[in-house]
Amino acid sequence: MARPPLAEAAIVIGAEAEDWRAAVRLAGRALVESGAARAGYADEMIRMIEEHGPYVVIAPGLVLAHARPGPEVLADGLAVVTLATPVFFGHPYNDPVRVVLGLATMSSNDHLESIADLANVFNDSSAIADLAAATSAAEVQRIMGEAV
Amino acid sequence: MKIVAICGAGIGSSGILKINAERVLKRLGLEADVTAAHLGSLATDAADAQIILTSAEFVDAIGKTFADVIVVENYFDTEELTRKLEAALG
């Protein structure tokens, strides 16, 4: 499997979120808009954080919101939401969050290639700041390495 | 050598840890079998692991283990991962 496509419908720039749950919901909605998930997937992503804590804030300023594969996932998909005002997840090192990635995967076995691709983008330490500063969906797609 | 990356879902975050750990180990010239797993499968997946890579949130849940537990702060910082893996293996 290649990395899930980053559709324009799955990109939201400069959104306002009053708290971390609202920020995750924005990513959930973007996954719904792009056809990757049903509305309930946002609740599942939130439940993962309620259950296990804010570990999904995996780098300074970045959260990788995701839940397990299941009936709420319709297709592999990725969403990118940038926040106008950074939001705190309660992470010990990586708060506040400016970029929310939403990840939906159909199967837990064949996603590693797509994850490797994500690692390629974000192992470049400037990627998070570049995304946070992006002003158009095309710019986000370019940073994420999409052929636009 | 066996290394297990643990997260809540066994999908996104542990996958990134697995990928980046493999990259770092390759650079260090070390051979290891790196697996991504979630807390629910920890008992079976990590039973014979030498190293567990994870976030601070999971240290208590992982509990008592013979493995070295490495807490990773920035999953994309391969320098941090290199430093911590070298310290654990050295």
# chains A, B, ... in the order shown; residues from 1 in each chain; ligands from 1
>>> residues_around(residues="Ile115 in chain A", least_positions_apart="4", cutoff="9 Å", atoms="only C-alpha atoms", output="ChimeraX atom specification")
/A:3,111,119-120 /B:11-13,15-16,19
>>> select_by_dssp(residues="range 15-86 of chain B", states="strand (DSSP E)", output="list in words")
Asp33, Val34, Thr35, Ala36, Ala37, His38, Ile51, Ile52, Leu53, Thr54, Asp68, Val69, Ile70 and Val71 of chain B
>>> interface_residues(of="chain B", to="chain A", cutoff="8 Å", atoms="only C-alpha atoms", output="PyMOL selection string")
chain B and resi 7-13+15-16+19-20+55-58+73-78
>>> select_by_dssp(residues="range 45-85 of chain B", states="helix (DSSP H, G or I)", output="NGL selection string")
:B and (45 or 56-62 or 78-85)
>>> atom_distance(atom1="CA of Ala36 in chain B", atom2="CA of Gly90 in chain A")
24.4 Å
>>> atom_distance(atom1="CA of Glu8 in chain A", atom2="CA of Leu83 in chain A")
16.6 Å
